[in-house]
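Asks: Before anything else, here's the structure in question.
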2 protein chains.
Amino acid sequence: MSRAGSLRVGVLASGVGGNLQAILDTVHAEGEATVVAVGTDNPGAIAIGRAQAAGVPVGVFPMDDYPDRLRRDEALAAWLASHRVELVVLAGYMKLLAPAFLARFPRRVINVHPALLPAFPGIGAVEQGLAYGVKVFGVTVHFVDEGVDTGPVILQRAVELPHAETVEDVYEVLRPLEHELLPEAIRLIAAGAVTFDPESPRRVRVGGSRPVSSK
Amino acid sequence: MSRAGSLRVGVLASGVGGNLQAILDTVHAEGEATVVAVGTDNPGAIAIGRAQAAGVPVGVFPMDDYPDRLRRDEALAAWLASHRVELVVLAGYMKLLAPAFLARFPRRVINVHPALLPAFPGIGAVEQGLAYGVKVFGVTVHFVDEGVDTGPVILQRAVELPHAETVEDVYEVLRPLEHELLPEAIRLIAAGAVTFDPESPRRVRVGGSRPVSSK
């Protein structure tokens with residue numbers, strides 16, 4: 001499946017797999033990166049069917065099959081490594097990854113989060129934002145570290161929704177932003193356009209031949 | 001100076017007074033609100049000259065003239081009340097206000113802050129954002145409560161600056177946003193278009209005849 005020289009991507013998803021589909025339909029279809037493995041913790045994830053339809057190998061790693069999270073994450077990491085995954089993409093993956101997993105893919109795990117981090121990390125980001133009463137919502141793609149949504153930011157996009165009342169009002173707008181931003185981050189990483197500021201490693205420089213527009 | 005029926009605004013400023021000037025040039029000049037008093041803690045504030053040039057009474061309340069912050073804020077509140085101020089606007093006012101001051105103007109004190117709250121409250125908001133490595137910056141106008149930049153949000157505006165390197169890079173963009181957003185909030189309050197959600201008092205409803213655009 002993988003094209004020579006194309007970045008080998010492993011995607012982890014727990015649910016519907018909308019972000020997985022966005023990746024398959026864009027960077028994967030266009031050959032800028034290749035999804036070589038899709039892992040999940042949920043045997044009922046709709047994402048599984050999407051991966052199979054695209055001919056991508058699926059690994060199912062339910063918690064119940066392992067004595068603890070560490071063993072499960074070790075098995076998952078080993079499976080991804082066996083597919084020679086170079087970048088791990090959390091696309092609606094709802095579990096925290098063990099430090100040993102992250103150590104195996106240093107600065108090579110990214111996540112998409114439905115808020116402008118550092119505001120509203122963790123579960124229920126949009127609910128948190130509505131409860132606070134913010135007027136601007138947004139999406140962040142970031143490197144995953146050992147904290148909850150605390151890793152260095154790669155891309156962010158904001159949207160003003162001053163009259164949003166419900167979670168669905170907001171998600172309706174954020175979902176397409178996620179589907180745009182996550183493939184864009186993969187494209188930039190594949191192109192070697194994402195680097196760390198040596199003087200300030202929290203600051204990610206994004207540039208190169210396809211810079212992100214500053215609209 | 002005040003037009004009959006126009007909202008009577010007291011502005012507090014500590015420095016250059018750019019936001020004060022923006023208020024004088026817009027809602028004040030257009031008669032939607034009337035700046036009836038400008039207070040400052042800094043006898044050297046450039047804002048003083050701007051107020052005088054507009055014919056607005058100035059009160060200077062330096063800390064050194066009072067035994068403590070509480071007494072100073074009491075004097076400031078009494079002076080604003082003597083000018084029958086209905087809305088207090090913090091426009092680059094760098095001091096925290098005593099609870100007794102806020103109690104005198106309940107839900108009638110607003111502030112402008114150069115970040116998308118609740119991210120990066122307090123001093124050095126832009127510096128904090130750059131150090132975190134955010135790609136989106138912004139401005140918040142909010143009601144002031146007893147915390148540091150924790151009150152209910154009235155307006156927010158975001159701007160994507162993925163390549164910003166310095167505080168000045170960011171402020172160059174945020175300054176005009178502040179000058180737009182703070183007068184807009186005063187205009188909306190003067191028009192009675194800013195109300196609290198009775199079920200969730202942190203959520204401010206902004207509407208009426210001049211709704212804020214959701215671009």
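Each chain in the structure tokens gets a letter, A, B and so on, in the order shown; residues start at 1 in every chain, and ligands are counted from 1 in the order they appear.
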Quick one: everything within 9 Å of region 179-189 of chain A, counting only C-alpha atoms, minus sequence neighbours fewer than 6 positions away in the same chain. Send it as a PyMOL selection string.
Replies: chain A and resi 7+9+18-24+26-28+32-33+87+89+91+110-112+139-142+154-157+195+206-212
Asks: Can you check which parts of chain A lie within 9 Å of chain B? Per residue, the shortest pair of atoms and distance in Å to one decimal, counting only C-alpha atoms, sorted by chain and number, as a Markdown table.
Replies:
```
| residue | atom | partner | partner_atom | distance |
| --- | --- | --- | --- | --- |
| A:Leu116 | CA | B:Val136 | CA | 7.7 |
| A:Leu117 | CA | B:Val134 | CA | 7.6 |
| A:Pro118 | CA | B:Ala119 | CA | 6.3 |
| A:Ala119 | CA | B:Ala119 | CA | 5.3 |
| A:Phe120 | CA | B:Pro118 | CA | 8.6 |
| A:Leu130 | CA | B:Arg203 | CA | 7.7 |
| A:Ala131 | CA | B:Arg203 | CA | 7.1 |
| A:Tyr132 | CA | B:Arg202 | CA | 6.2 |
| A:Gly133 | CA | B:Arg203 | CA | 4.4 |
| A:Val134 | CA | B:Val153 | CA | 6.1 |
| A:Lys135 | CA | B:Gln156 | CA | 5.5 |
| A:Val136 | CA | B:Gln156 | CA | 6.1 |
| A:Thr140 | CA | B:Lys135 | CA | 8.9 |
| A:Pro152 | CA | B:Gly133 | CA | 6.7 |
| A:Val153 | CA | B:Gly133 | CA | 6.1 |
| A:Ile154 | CA | B:Lys135 | CA | 7.7 |
| A:Leu155 | CA | B:Lys135 | CA | 6.3 |
| A:Gln156 | CA | B:Lys135 | CA | 5.5 |
| A:Arg157 | CA | B:Val136 | CA | 6.7 |
| A:Ala158 | CA | B:Ala158 | CA | 6.4 |
| A:Val159 | CA | B:Ala158 | CA | 7.5 |
| A:Glu160 | CA | B:Ser214 | CA | 5.6 |
| A:Leu161 | CA | B:Ser214 | CA | 6.0 |
| A:Pro162 | CA | B:Ser214 | CA | 6.6 |
| A:His163 | CA | B:Arg205 | CA | 7.4 |
| A:Ser200 | CA | B:Ala131 | CA | 7.7 |
| A:Pro201 | CA | B:Gly133 | CA | 9.0 |
| A:Arg202 | CA | B:Gly133 | CA | 5.9 |
| A:Arg203 | CA | B:Gly133 | CA | 4.5 |
| A:Val204 | CA | B:Gly133 | CA | 6.8 |
| A:Arg205 | CA | B:His163 | CA | 7.4 |
| A:Val206 | CA | B:His163 | CA | 7.5 |
| A:Gly207 | CA | B:His163 | CA | 8.4 |
| A:Val212 | CA | B:Pro162 | CA | 7.6 |
| A:Ser213 | CA | B:Pro162 | CA | 8.2 |
| A:Ser214 | CA | B:Glu160 | CA | 5.7 |
| A:Lys215 | CA | B:Glu160 | CA | 6.7 |
```
Asks: Could you jot down the CA of Val170 (chain A) to CA of Val170 (chain B) separation for me, Å, one decimal place?
Replies: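 Distance between the two atoms: 26.9 Å.
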Asks: Got a sec: who's within 7 Å of Pro57 (chain A), counting only C-alpha atoms, leaving out chain neighbours fewer than 3 positions off, as a count of residues only?
Replies: 4
Asks: Using only C-alpha atoms, which protein or nucleic acid residues come within 7 Å of region 75-80 of chain B? Drop anything in the same chain fewer than 2 positions from it, and give the result as a list in words.
Replies: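 The residues that qualify are Gly10, Ala37, Phe61, Arg71, Arg72, Asp73, Ser82, His83, Arg84, Val85 and Phe101 of chain B.
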Asks: Could you write out, as a PyMOL selection string, all the residues of region 7-169 of chain B that DSSP marks as strand (DSSP E)?
Replies: chain B and resi 7-12+33-40+58-60+87-90+109-113+136-143+153-160
